[in-house]
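Chemist: Sending over my_file_24.txt (compact mmCIF, C-alpha atoms).
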# COMPACT_ATOMS: atom_id res chain seq x y z
CA MET H 113 104.73 54.12 112.98
CA ARG H 114 101.20 54.15 114.28
CA GLY H 115 102.29 56.10 117.34
CA THR H 116 103.93 58.72 115.12
CA LYS H 117 100.72 59.19 113.14
CA LEU H 118 98.69 59.49 116.33
CA SER H 119 101.17 62.04 117.64
CA GLN H 120 100.88 64.08 114.43
CA LEU H 121 97.08 63.92 114.57
CA GLY H 122 97.18 65.03 118.19
CA GLN H 123 99.39 68.01 117.33
CA GLN H 124 97.12 69.00 114.45
CA ALA H 125 94.03 68.69 116.64
CA PHE H 126 95.70 70.78 119.34
CA PHE H 127 96.66 73.66 117.03
CA VAL H 128 93.87 73.56 114.42
CA GLY H 129 91.06 72.05 116.48
CA PRO H 130 89.96 75.20 118.37
CA ALA H 131 89.83 77.25 115.16
CA VAL H 132 87.83 74.56 113.37
CA LEU H 133 85.50 74.21 116.35
CA PHE H 134 84.72 77.92 116.61
CA PHE H 135 84.41 78.28 112.83
CA THR H 136 81.91 75.43 112.85
CA LEU H 137 79.91 76.88 115.73
CA ILE H 138 79.91 80.47 114.47
CA THR H 139 79.73 79.98 110.69
CA ILE H 140 78.90 76.48 109.48
CA ILE H 141 76.06 75.59 111.89
CA PRO H 142 74.25 78.97 111.56
CA PHE H 143 74.57 78.73 107.77
CA ILE H 144 73.01 75.25 107.73
CA MET H 145 70.27 76.40 110.10
CA GLY H 146 69.61 79.39 107.85
CA MET H 147 69.24 77.08 104.87
CA TYR H 148 66.69 75.05 106.85
CA TYR H 149 64.70 78.10 108.00
CA SER H 150 64.55 79.43 104.42
CA PHE H 151 62.13 76.56 103.71
CA THR H 152 59.89 77.36 106.68
CA ASP H 153 57.43 80.06 107.74
CA TRP H 154 59.15 80.76 111.09
CA ASN H 155 58.57 84.29 112.41
CA GLY H 156 61.81 84.32 114.39
CA VAL H 157 60.07 84.37 117.78
CA SER H 158 57.62 81.53 118.32
CA GLY H 159 58.46 77.87 118.65
CA ASN H 160 56.12 76.91 115.82
CA VAL H 161 58.10 76.18 112.67
CA SER H 162 56.18 74.87 109.66
CA TRP H 163 57.83 73.49 106.53
CA VAL H 164 56.62 75.38 103.44
CA GLY H 165 59.10 74.10 100.86
CA PHE H 166 59.85 76.52 98.03
CA GLN H 167 56.98 78.87 98.89
CA ASN H 168 59.33 81.58 100.20
CA PHE H 169 61.39 81.51 97.00
CA SER H 170 58.19 81.60 94.93
CA THR H 171 57.11 84.70 96.87
CA ILE H 172 60.46 86.39 96.20
CA PHE H 173 60.26 85.83 92.44
CA THR H 174 56.53 86.53 91.96
CA ASN H 175 55.32 88.85 94.71
CA ASP H 176 58.16 90.90 96.18
CA PRO H 177 58.91 94.00 94.08
CA ASP H 178 60.70 95.65 97.02
CA PHE H 179 63.39 92.96 97.03
CA TRP H 180 64.12 93.34 93.33
CA SER H 181 64.09 97.13 93.65
CA SER H 182 66.67 96.88 96.44
CA PHE H 183 68.63 94.35 94.38
CA TRP H 184 68.78 96.74 91.41
CA PHE H 185 69.92 99.53 93.76
CA THR H 186 72.63 97.23 95.16
CA VAL H 187 73.81 96.23 91.68
CA ARG H 188 74.14 99.87 90.57
CA PHE H 189 75.87 100.75 93.81
CA THR H 190 78.24 97.78 93.49
CA VAL H 191 79.27 98.59 89.92
CA LEU H 192 80.15 102.18 90.83
CA GLY H 193 81.61 101.27 94.21
CA VAL H 194 83.91 98.58 92.83
CA ILE H 195 85.19 100.73 89.97
CA LEU H 196 85.67 103.93 91.95
CA THR H 197 87.25 102.38 95.06
CA ASN H 198 89.78 100.46 92.99
CA VAL H 199 90.58 103.38 90.68
CA VAL H 200 90.96 105.84 93.56
CA GLY H 201 92.88 103.32 95.68
CA PHE H 202 95.25 102.50 92.81
CA PHE H 203 96.04 106.10 91.90
CA LEU H 204 96.54 107.04 95.55
CA ALA H 205 98.98 104.13 95.80
CA TYR H 206 100.67 105.09 92.53
CA LEU H 207 101.13 108.65 93.78
CA LEU H 208 102.30 107.63 97.25
CA THR H 209 104.98 105.25 95.96
CA LYS H 210 106.75 108.26 94.50
CA PRO H 211 109.58 109.87 96.54
CA LEU H 212 107.39 112.41 98.36
CA LYS H 213 108.51 113.81 101.71
CA THR H 214 105.03 113.56 103.20
CA ARG H 215 104.02 110.20 101.72
CA ASN H 216 103.96 108.35 105.06
CA MET H 217 101.73 111.00 106.59
CA LEU H 218 99.48 110.99 103.52
CA ARG H 219 99.22 107.21 103.60
CA THR H 220 98.03 107.43 107.21
CA ILE H 221 95.51 110.16 106.40
CA PHE H 222 93.99 108.28 103.46
CA PHE H 223 93.80 105.02 105.43
CA MET H 224 92.21 106.54 108.55
CA PRO H 225 88.57 106.54 107.28
CA ASN H 226 88.73 102.74 107.05
CA VAL H 227 89.46 102.56 110.79
CA ILE H 228 86.21 104.35 111.69
CA GLY H 229 83.20 102.08 112.11
CA GLY H 230 80.56 102.22 109.37
CA LEU H 231 77.70 103.38 111.61
CA LEU H 232 79.76 106.13 113.24
CA LEU H 233 81.10 107.19 109.86
CA GLY H 234 77.57 107.32 108.46
CA PHE H 235 76.33 109.55 111.28
CA ILE H 236 79.33 111.86 110.82
CA TRP H 237 78.60 112.20 107.11
CA GLN H 238 74.90 112.61 107.82
CA PHE H 239 75.79 115.70 109.85
CA ILE H 240 78.10 116.90 107.04
CA PHE H 241 75.42 116.46 104.36
CA ILE H 242 72.68 118.14 106.40
CA LYS H 243 74.49 120.85 108.36
CA GLY H 244 77.92 121.21 106.80
CA PHE H 245 76.78 121.36 103.17
CA ALA H 246 73.97 123.76 104.06
CA THR H 247 76.48 126.12 105.67
CA MET H 248 78.84 125.85 102.72
CA GLY H 249 75.92 126.56 100.38
CA GLU H 250 75.08 129.74 102.27
CA LEU H 251 78.69 130.90 102.22
CA THR H 252 79.47 130.08 98.60
CA GLY H 253 76.08 130.14 96.91
CA TRP H 254 76.96 126.97 95.01
CA SER H 255 73.91 124.89 94.16
CA PHE H 256 75.96 121.71 94.64
CA PHE H 257 75.87 122.18 98.42
CA ASN H 258 72.16 122.97 98.48
CA LEU H 259 71.05 119.68 96.91
CA PRO H 260 68.80 117.45 99.07
CA TRP H 261 71.62 114.96 99.52
CA LEU H 262 69.77 112.54 101.80
CA GLY H 263 66.21 113.45 100.86
CA ASP H 264 66.12 112.42 97.20
CA ALA H 265 66.56 109.04 95.52
CA THR H 266 69.26 110.19 93.08
CA THR H 267 71.33 112.33 95.43
CA GLY H 268 70.89 109.79 98.24
CA PHE H 269 72.38 107.12 96.00
CA TRP H 270 75.38 109.29 95.16
CA ALA H 271 75.82 110.29 98.80
CA ILE H 272 76.18 106.63 99.81
CA VAL H 273 78.59 106.01 96.92
CA MET H 274 80.73 109.01 97.93
CA VAL H 275 81.01 107.93 101.56
CA PHE H 276 81.68 104.31 100.62
CA VAL H 277 84.51 105.26 98.25
CA TRP H 278 85.94 107.70 100.81
CA GLN H 279 85.96 104.95 103.45
CA SER H 280 87.13 101.96 101.40
CA SER H 281 89.69 103.30 98.93
CA GLY H 282 92.34 103.77 101.66
CA TYR H 283 92.34 100.05 102.46
CA LEU H 284 92.78 99.11 98.81
CA MET H 285 95.49 101.77 98.58
CA VAL H 286 97.59 99.80 101.08
CA ILE H 287 97.20 96.61 99.01
CA TYR H 288 98.21 98.41 95.82
CA ILE H 289 101.17 100.09 97.55
CA ALA H 290 102.48 96.68 98.62
CA SER H 291 102.10 95.35 95.07
CA LEU H 292 103.59 98.41 93.37
CA SER H 293 106.60 98.28 95.69
CA ASN H 294 107.37 94.77 94.39
CA VAL H 295 107.37 95.72 90.70
CA SER H 296 110.86 95.07 89.32
CA LYS H 297 112.89 98.27 89.02
CA GLU H 298 114.95 96.68 86.24
CA VAL H 299 111.85 96.21 84.09
CA LEU H 300 110.81 99.84 84.62
CA GLU H 301 114.32 101.07 83.81
CA ALA H 302 114.40 98.96 80.63
CA ALA H 303 111.08 100.45 79.53
CA ASP H 304 112.38 103.95 80.24
CA ILE H 305 115.52 103.28 78.17
CA ASP H 306 113.33 102.02 75.30
CA GLY H 307 111.50 105.36 75.35
CA ALA H 308 108.13 104.19 76.70
CA SER H 309 105.88 106.95 78.00
CA ARG H 310 104.50 106.94 81.55
CA TRP H 311 101.08 105.89 80.28
CA GLN H 312 102.57 103.03 78.26
CA VAL H 313 104.58 101.86 81.27
CA LEU H 314 101.49 102.05 83.49
CA ARG H 315 99.18 100.26 81.06
CA ASN H 316 101.52 97.65 79.58
CA ILE H 317 103.91 96.90 82.46
CA VAL H 318 102.70 98.07 85.87
CA VAL H 319 99.05 97.02 85.69
CA PRO H 320 99.74 93.49 84.31
CA LEU H 321 102.38 92.91 87.00
CA ILE H 322 100.06 93.90 89.84
CA MET H 323 97.09 91.85 88.64
CA PRO H 324 97.15 89.67 91.81
CA ALA H 325 96.48 92.86 93.79
CA VAL H 326 93.75 93.81 91.33
CA THR H 327 92.16 90.39 91.87
CA ILE H 328 92.14 90.94 95.64
CA GLY H 329 90.96 94.55 95.32
CA LEU H 330 88.04 93.66 93.07
CA PHE H 331 87.08 90.71 95.26
CA LEU H 332 87.07 92.81 98.43
CA ALA H 333 85.21 95.72 96.82
CA ILE H 334 82.52 93.41 95.41
CA SER H 335 82.08 91.78 98.82
CA TRP H 336 81.92 95.12 100.66
CA SER H 337 79.53 96.67 98.16
CA PHE H 338 77.04 93.83 98.09
CA LYS H 339 77.04 93.49 101.89
CA MET H 340 76.80 97.23 102.55
CA PHE H 341 74.40 97.81 105.44
CA ASP H 342 75.79 100.15 108.09
CA LEU H 343 76.25 103.17 105.80
CA ASN H 344 72.81 102.57 104.32
CA LEU H 345 71.24 102.45 107.80
CA SER H 346 72.99 105.50 109.21
CA LEU H 347 72.75 107.76 106.14
CA THR H 348 69.31 107.22 104.56
CA LYS H 349 67.70 104.23 106.35
CA GLY H 350 66.68 103.10 102.87
CA GLY H 351 64.60 106.19 102.18
CA PRO H 352 62.97 108.07 100.76
CA PHE H 353 60.28 105.42 100.16
CA LYS H 354 62.83 102.55 100.02
CA SER H 355 64.53 104.11 96.99
CA THR H 356 67.99 103.68 98.56
CA GLU H 357 67.39 100.38 100.34
CA SER H 358 70.16 97.83 99.85
CA VAL H 359 69.55 94.09 99.74
CA ALA H 360 71.17 93.67 103.17
CA MET H 361 68.74 96.19 104.65
CA ASN H 362 65.79 94.60 102.86
CA ILE H 363 66.73 91.21 104.35
CA TYR H 364 67.15 92.75 107.82
CA ASN H 365 63.78 94.49 107.64
CA GLU H 366 62.06 91.35 106.41
CA ALA H 367 63.47 89.13 109.13
CA PHE H 368 63.57 91.40 112.18
CA LEU H 369 61.01 94.15 111.56
CA ASN H 370 58.36 92.26 109.61
CA ASN H 371 58.94 89.09 111.70
CA ARG H 372 59.16 86.89 108.60
CA TYR H 373 62.40 85.14 109.40
CA GLY H 374 61.80 82.30 106.97
CA LEU H 375 61.33 84.66 104.06
CA GLY H 376 64.29 86.75 105.19
CA THR H 377 66.63 83.76 105.29
CA ALA H 378 65.36 82.67 101.86
CA LYS H 379 66.35 86.08 100.52
CA ALA H 380 69.72 85.82 102.25
CA LEU H 381 70.36 82.38 100.75
CA LEU H 382 69.42 83.55 97.26
CA PHE H 383 71.60 86.63 97.69
CA PHE H 384 74.52 84.46 98.86
CA VAL H 385 74.29 82.29 95.74
CA ILE H 386 74.20 85.32 93.42
CA VAL H 387 77.19 87.01 95.10
CA ALA H 388 79.15 83.74 95.16
CA ILE H 389 78.63 83.26 91.42
CA ILE H 390 79.66 86.84 90.64
CA THR H 391 82.81 86.69 92.77
CA LEU H 392 83.83 83.31 91.32
CA ILE H 393 83.50 84.70 87.79
CA GLN H 394 85.47 87.82 88.74
CA VAL H 395 88.30 85.84 90.36
CA ARG H 396 88.48 83.45 87.41
CA ILE H 397 88.70 86.30 84.87
CA THR H 398 91.29 88.38 86.76
CA LYS H 399 93.41 85.34 87.70
CA SER H 400 93.65 84.44 84.01
CA LYS H 401 95.20 87.85 83.32
CA GLU H 402 97.94 87.56 85.93
CA VAL H 403 101.50 87.44 84.62
CA GLU H 404 104.93 86.91 86.14
CA ALA H 405 107.77 89.39 85.95
Transcribe the structure of this file into structure tokens.
Modeler:
Amino acid sequence: MRGTKLSQLGQQAFFVGPAVLFFTLITIIPFIMGMYYSFTDWNGVSGNVSWVGFQNFSTIFTNDPDFWSSFWFTVRFTVLGVILTNVVGFFLAYLLTKPLKTRNMLRTIFFMPNVIGGLLLGFIWQFIFIKGFATMGELTGWSFFNLPWLGDATTGFWAIVMVFVWQSSGYLMVIYIASLSNVSKEVLEAADIDGASRWQVLRNIVVPLIMPAVTIGLFLAISWSFKMFDLNLSLTKGGPFKSTESVAMNIYNEAFLNNRYGLGTAKALLFFVIVAIITLIQVRITKSKEVEA
């Protein structure tokens, strides 16, 4: 009996052990070290590390308006990003589950932006906003194309939102397609026989039945939006005057440009707690609305 248990433990260690080891080395240990450094004044370079307790967190709450400005920008961006990516992704999926001849090609086209790396995508759209829109403005005379898309706080914000939605909605589309494909045809046929309109079917039958996909879509969109860094860096670099600086960029600048690693990790830890609380609340709310066919 004891030999059997040892054999089972050996098999588990053989198959699961490497994954647990690398997860510990790459994720758990750096996270614990980051928690430690958030209570120090380390500059990220020298070997001198002094314990300062909660001084970094006190600085964040009392003497760091740039962090809270970037946090407010990130919150606004997240609200719009989460709503728009899920709405666009869902309606693309709803359209592309219909019997269209070109639906496979369209699915590929809408998913392709997600394959392109964020930095490369940002530089492509930077060229579009600066050169492409200027050319279109000259040809059409439309004021929309002549706006200072990356040179103004308001238009810079909307430019990042546009590119983020364009990149991310295709991934959520795939999730919603998989969920819509599993909706019972018998239930839809029964609703059609009862005379329900398309809107009634969508609102009262389809959406409740795909709530697990909505839970995943909202969770992913919240995570992507809060962590957004590459598009921010390549499109606006947080400008003008830090008006479009995300929290991720603020943390990066604090730790690696200002050489205040302790303060940067304190911001990262605080940000992690806030995002964790928000995502837990979101998952709890959407999971409670899930139903079975």
Chemist: Between CA of Ser335 in chain H and CA of Val191 in chain H, what distance in Å does the model show, to one decimal?
Modeler: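 Atom-to-atom, CA of Ser335 in chain H and CA of Val191 in chain H are spaced 11.6 Å apart.
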Chemist: Env of Ala265 in chain H: 10 Å cut, atoms = only C-alpha atoms, seq-sep filter 5 positions within chain, self excluded. Answer as a tab-separated table (two decimals) with C-alpha atoms, in the frame of the given file.
Modeler:
chain	number	residue	atom	x	y	z
H	260	PRO	CA	68.80	117.45	99.07
H	270	TRP	CA	75.38	109.29	95.16
H	271	ALA	CA	75.82	110.29	98.80
H	348	THR	CA	69.31	107.22	104.56
H	350	GLY	CA	66.68	103.10	102.87
H	351	GLY	CA	64.60	106.19	102.18
H	352	PRO	CA	62.97	108.07	100.76
H	353	PHE	CA	60.28	105.42	100.16
H	354	LYS	CA	62.83	102.55	100.02
H	355	SER	CA	64.53	104.11	96.99
H	356	THR	CA	67.99	103.68	98.56
H	357	GLU	CA	67.39	100.38	100.34
Chemist: As an exercise, work out the distance from CA of Phe189 in chain H to CA of Ile272 in chain H in Å and give it to one decimal place.
Modeler: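 CA of Ile272 in chain H lies 8.4 Å from CA of Phe189 in chain H.
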Chemist: Nearest to Phe151 in chain H among H:Ala367, H:Leu381, H:Val132, H:Leu292, with distances taken over all atoms listed in the file: which residue is it?
Modeler: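 Ranked by minimum distance to Phe151 in chain H, first place goes to H:Leu381.
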Chemist: Which is closer to Ser346 in chain H than all the others in H:Leu232, H:Met285, H:Val318, H:Val385, using only C-alpha atoms?
Modeler: H:Leu232
Chemist: Quick one: pull the distance between CA of Ala303 in chain H and CA of Leu284 in chain H, Å, one decimal.
Modeler: 26.6 Å
Chemist: Find the residues around Trp163 in chain H up to 12 Å (only C-alpha atoms counted), leave out those fewer than 4 positions away in its own chain, and share them as a compact mmCIF listing (two decimals) with C-alpha atoms, in the coordinates of the input.
Modeler:
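Now in result11.txt:
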# COMPACT_ATOMS: atom_id res chain seq x y z
CA TYR H 148 66.69 75.05 106.85
CA TYR H 149 64.70 78.10 108.00
CA SER H 150 64.55 79.43 104.42
CA PHE H 151 62.13 76.56 103.71
CA THR H 152 59.89 77.36 106.68
CA ASP H 153 57.43 80.06 107.74
CA TRP H 154 59.15 80.76 111.09
CA GLN H 167 56.98 78.87 98.89
CA ASN H 168 59.33 81.58 100.20
CA GLY H 374 61.80 82.30 106.97
CA LEU H 375 61.33 84.66 104.06
Chemist: Could you name the residues that touch range 176-178 of chain H at 12 Å or less, counting only C-alpha atoms, but leaving out those on the same chain fewer than 2 positions away, as a VMD selection string?
Modeler: chain H and resid 168 to 174 180 to 185 350 353 to 359 361 to 363 365 to 366 375 to 376 379
Chemist: Skip Ile317 in chain H itself and residues of its chain fewer than 4 positions away, then list as a list in words all residues within 12 Å of it, counting only C-alpha atoms.
Modeler: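 The residues that qualify are Leu292, Val295, Ser296, Lys297, Glu298, Val299, Leu300, Glu301, Ala302, Ala303, Asp304, Ala308, Ser309, Arg310, Trp311, Gln312, Val313, Leu321, Ile322, Met323, Glu402, Val403, Glu404 and Ala405 of chain H.
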Chemist: With a distance cut-off of 10 Å and only C-alpha atoms, select the neighbouring residues of Phe245 in chain H, excluding the residue or stretch itself and same-chain residues fewer than 2 positions from it, and output the selection as number ranges by chain.
Modeler: H: 239-243, 247-251, 254, 256-261
Chemist: Go through H:Thr139, H:Thr116, H:Ser280, H:Thr327 and flag the residue nearest Val227 in chain H, using only C-alpha atoms for the distances.
Modeler: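 Comparing H:Thr139, H:Thr116, H:Ser280, H:Thr327 against Val227 in chain H, the winner is H:Ser280.
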Chemist: For Val273 in chain H, which of H:Gly307, H:Gly122, H:Pro130, H:Gly234 is the closest residue, counting only C-alpha atoms?
Modeler: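 Checking each candidate against Val273 in chain H, we get H:Gly234 as the closest.
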Chemist: Which polymer residues, protein or nucleic acid, are no farther than 8 Å from (74.6, 107.7, 106.3), counting only C-alpha atoms, as a PDB file with C-alpha atoms, keeping the file's coordinate frame?
Modeler:
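In the end it all went to point_32.pdb:
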ATOM      1  CA  LEU H 231      77.700 103.380 111.610  1.00  0.00           C
ATOM      2  CA  LEU H 233      81.100 107.190 109.860  1.00  0.00           C
ATOM      3  CA  GLY H 234      77.570 107.320 108.460  1.00  0.00           C
ATOM      4  CA  PHE H 235      76.330 109.550 111.280  1.00  0.00           C
ATOM      5  CA  ILE H 236      79.330 111.860 110.820  1.00  0.00           C
ATOM      6  CA  TRP H 237      78.600 112.200 107.110  1.00  0.00           C
ATOM      7  CA  GLN H 238      74.900 112.610 107.820  1.00  0.00           C
ATOM      8  CA  ILE H 272      76.180 106.630  99.810  1.00  0.00           C
ATOM      9  CA  VAL H 275      81.010 107.930 101.560  1.00  0.00           C
ATOM     10  CA  ASP H 342      75.790 100.150 108.090  1.00  0.00           C
ATOM     11  CA  LEU H 343      76.250 103.170 105.800  1.00  0.00           C
ATOM     12  CA  ASN H 344      72.810 102.570 104.320  1.00  0.00           C
ATOM     13  CA  LEU H 345      71.240 102.450 107.800  1.00  0.00           C
ATOM     14  CA  SER H 346      72.990 105.500 109.210  1.00  0.00           C
ATOM     15  CA  LEU H 347      72.750 107.760 106.140  1.00  0.00           C
ATOM     16  CA  THR H 348      69.310 107.220 104.560  1.00  0.00           C
ATOM     17  CA  LYS H 349      67.700 104.230 106.350  1.00  0.00           C
TER      18      LYS H 349
END
Chemist: From the list H:Gln123, H:Thr214, H:Asn155, H:Thr391, which residue is nearest Ile334 in chain H when using only C-alpha atoms?
Modeler: H:Thr391
Chemist: Listed atoms of range 367-386 of chain H, axis-aligned box, 3 Å per side: centre and edge lengths to one decimal in Å, as AutoDock Vina command-line options?
Modeler:
--center_x 66.4 --center_y 88.2 --center_z 102.8 --size_x 22.2 --size_y 17.9 --size_z 24.8
Chemist: Kindly indicate which residue among H:Leu330, H:Ala388, H:Met274, H:Leu196 lies nearest to Ile287 in chain H, using only C-alpha atoms for the distances.
Modeler: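 Among the listed residues, the smallest separation from Ile287 in chain H belongs to H:Leu330.
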Chemist: Using C-alpha atoms, give me range 241-335 of chain H from the structure I just pasted, as a PDB file, in the first residue's frame.
Modeler:
ATOM      1  CA  PHE H 241      -2.930  58.388 -37.450  1.00  0.00           C
ATOM      2  CA  ILE H 242      -0.112  60.730 -38.501  1.00  0.00           C
ATOM      3  CA  LYS H 243       0.328  60.056 -42.216  1.00  0.00           C
ATOM      4  CA  GLY H 244      -2.708  58.081 -43.332  1.00  0.00           C
ATOM      5  CA  PHE H 245      -5.333  60.274 -41.678  1.00  0.00           C
ATOM      6  CA  ALA H 246      -3.594  63.436 -42.889  1.00  0.00           C
ATOM      7  CA  THR H 247      -3.732  62.153 -46.468  1.00  0.00           C
ATOM      8  CA  MET H 248      -7.370  61.159 -46.121  1.00  0.00           C
ATOM      9  CA  GLY H 249      -8.123  64.608 -44.688  1.00  0.00           C
ATOM     10  CA  GLU H 250      -6.563  66.289 -47.706  1.00  0.00           C
ATOM     11  CA  LEU H 251      -8.493  64.076 -50.114  1.00  0.00           C
ATOM     12  CA  THR H 252     -11.885  64.261 -48.422  1.00  0.00           C
ATOM     13  CA  GLY H 253     -11.747  67.518 -46.495  1.00  0.00           C
ATOM     14  CA  TRP H 254     -13.340  65.819 -43.492  1.00  0.00           C
ATOM     15  CA  SER H 255     -12.326  67.415 -40.205  1.00  0.00           C
ATOM     16  CA  PHE H 256     -12.402  63.982 -38.534  1.00  0.00           C
ATOM     17  CA  PHE H 257      -9.153  63.025 -40.270  1.00  0.00           C
ATOM     18  CA  ASN H 258      -7.462  66.324 -39.462  1.00  0.00           C
ATOM     19  CA  LEU H 259      -7.804  66.006 -35.687  1.00  0.00           C
ATOM     20  CA  PRO H 260      -4.535  65.881 -33.692  1.00  0.00           C
ATOM     21  CA  TRP H 261      -5.102  62.221 -32.894  1.00  0.00           C
ATOM     22  CA  LEU H 262      -1.884  61.631 -30.951  1.00  0.00           C
ATOM     23  CA  GLY H 263      -1.151  65.217 -29.942  1.00  0.00           C
ATOM     24  CA  ASP H 264      -4.128  65.986 -27.707  1.00  0.00           C
ATOM     25  CA  ALA H 265      -5.291  64.445 -24.432  1.00  0.00           C
ATOM     26  CA  THR H 266      -8.864  63.755 -25.596  1.00  0.00           C
ATOM     27  CA  THR H 267      -8.119  62.455 -29.079  1.00  0.00           C
ATOM     28  CA  GLY H 268      -5.089  60.529 -27.794  1.00  0.00           C
ATOM     29  CA  PHE H 269      -7.347  58.729 -25.337  1.00  0.00           C
ATOM     30  CA  TRP H 270      -9.822  57.792 -28.061  1.00  0.00           C
ATOM     31  CA  ALA H 271      -7.019  56.739 -30.396  1.00  0.00           C
ATOM     32  CA  ILE H 272      -5.763  54.202 -27.840  1.00  0.00           C
ATOM     33  CA  VAL H 273      -9.320  52.967 -27.237  1.00  0.00           C
ATOM     34  CA  MET H 274      -9.904  52.517 -30.981  1.00  0.00           C
ATOM     35  CA  VAL H 275      -6.728  50.511 -31.514  1.00  0.00           C
ATOM     36  CA  PHE H 276      -7.319  48.412 -28.390  1.00  0.00           C
ATOM     37  CA  VAL H 277     -10.857  47.490 -29.467  1.00  0.00           C
ATOM     38  CA  TRP H 278      -9.674  46.775 -33.022  1.00  0.00           C
ATOM     39  CA  GLN H 279      -6.986  44.440 -31.687  1.00  0.00           C
ATOM     40  CA  SER H 280      -8.872  42.652 -28.901  1.00  0.00           C
ATOM     41  CA  SER H 281     -12.425  42.176 -30.154  1.00  0.00           C
ATOM     42  CA  GLY H 282     -11.383  39.427 -32.604  1.00  0.00           C
ATOM     43  CA  TYR H 283     -10.134  37.212 -29.771  1.00  0.00           C
ATOM     44  CA  LEU H 284     -13.370  37.615 -27.831  1.00  0.00           C
ATOM     45  CA  MET H 285     -15.253  36.958 -31.073  1.00  0.00           C
ATOM     46  CA  VAL H 286     -13.773  33.437 -31.169  1.00  0.00           C
ATOM     47  CA  ILE H 287     -14.912  32.779 -27.587  1.00  0.00           C
ATOM     48  CA  TYR H 288     -18.432  34.002 -28.341  1.00  0.00           C
ATOM     49  CA  ILE H 289     -18.583  31.977 -31.573  1.00  0.00           C
ATOM     50  CA  ALA H 290     -17.766  28.808 -29.623  1.00  0.00           C
ATOM     51  CA  SER H 291     -20.460  29.616 -27.061  1.00  0.00           C
ATOM     52  CA  LEU H 292     -23.108  30.614 -29.610  1.00  0.00           C
ATOM     53  CA  SER H 293     -22.495  27.405 -31.555  1.00  0.00           C
ATOM     54  CA  ASN H 294     -23.464  25.414 -28.445  1.00  0.00           C
ATOM     55  CA  VAL H 295     -26.812  27.151 -27.899  1.00  0.00           C
ATOM     56  CA  SER H 296     -29.565  24.545 -28.252  1.00  0.00           C
ATOM     57  CA  LYS H 297     -31.265  24.722 -31.652  1.00  0.00           C
ATOM     58  CA  GLU H 298     -34.409  23.216 -30.123  1.00  0.00           C
ATOM     59  CA  VAL H 299     -34.737  26.126 -27.700  1.00  0.00           C
ATOM     60  CA  LEU H 300     -34.330  28.657 -30.524  1.00  0.00           C
ATOM     61  CA  GLU H 301     -36.878  26.821 -32.676  1.00  0.00           C
ATOM     62  CA  ALA H 302     -39.359  26.736 -29.781  1.00  0.00           C
ATOM     63  CA  ALA H 303     -38.966  30.481 -29.297  1.00  0.00           C
ATOM     64  CA  ASP H 304     -39.497  31.047 -33.019  1.00  0.00           C
ATOM     65  CA  ILE H 305     -42.678  28.933 -32.960  1.00  0.00           C
ATOM     66  CA  ASP H 306     -43.944  30.967 -29.976  1.00  0.00           C
ATOM     67  CA  GLY H 307     -43.532  34.123 -32.063  1.00  0.00           C
ATOM     68  CA  ALA H 308     -40.588  35.700 -30.222  1.00  0.00           C
ATOM     69  CA  SER H 309     -38.808  38.457 -32.108  1.00  0.00           C
ATOM     70  CA  ARG H 310     -35.071  38.337 -32.834  1.00  0.00           C
ATOM     71  CA  TRP H 311     -34.397  40.899 -30.122  1.00  0.00           C
ATOM     72  CA  GLN H 312     -36.426  38.917 -27.577  1.00  0.00           C
ATOM     73  CA  VAL H 313     -34.588  35.722 -28.503  1.00  0.00           C
ATOM     74  CA  LEU H 314     -31.233  37.491 -28.226  1.00  0.00           C
ATOM     75  CA  ARG H 315     -31.975  39.195 -24.910  1.00  0.00           C
ATOM     76  CA  ASN H 316     -33.977  36.491 -23.117  1.00  0.00           C
ATOM     77  CA  ILE H 317     -32.498  33.261 -24.500  1.00  0.00           C
ATOM     78  CA  VAL H 318     -29.139  33.664 -26.235  1.00  0.00           C
ATOM     79  CA  VAL H 319     -27.409  36.041 -23.817  1.00  0.00           C
ATOM     80  CA  PRO H 320     -28.407  34.125 -20.627  1.00  0.00           C
ATOM     81  CA  LEU H 321     -27.242  30.841 -22.179  1.00  0.00           C
ATOM     82  CA  ILE H 322     -23.819  32.219 -23.121  1.00  0.00           C
ATOM     83  CA  MET H 323     -23.152  33.889 -19.759  1.00  0.00           C
ATOM     84  CA  PRO H 324     -20.102  31.626 -19.112  1.00  0.00           C
ATOM     85  CA  ALA H 325     -18.540  33.144 -22.245  1.00  0.00           C
ATOM     86  CA  VAL H 326     -19.524  36.614 -21.044  1.00  0.00           C
ATOM     87  CA  THR H 327     -17.793  35.898 -17.730  1.00  0.00           C
ATOM     88  CA  ILE H 328     -14.595  34.930 -19.557  1.00  0.00           C
ATOM     89  CA  GLY H 329     -14.852  37.838 -22.001  1.00  0.00           C
ATOM     90  CA  LEU H 330     -15.288  40.422 -19.258  1.00  0.00           C
ATOM     91  CA  PHE H 331     -12.489  38.899 -17.189  1.00  0.00           C
ATOM     92  CA  LEU H 332     -10.046  38.934 -20.109  1.00  0.00           C
ATOM     93  CA  ALA H 333     -11.008  42.446 -21.216  1.00  0.00           C
ATOM     94  CA  ILE H 334     -10.605  43.832 -17.684  1.00  0.00           C
ATOM     95  CA  SER H 335      -7.201  42.175 -17.379  1.00  0.00           C
TER      96      SER H 335
END
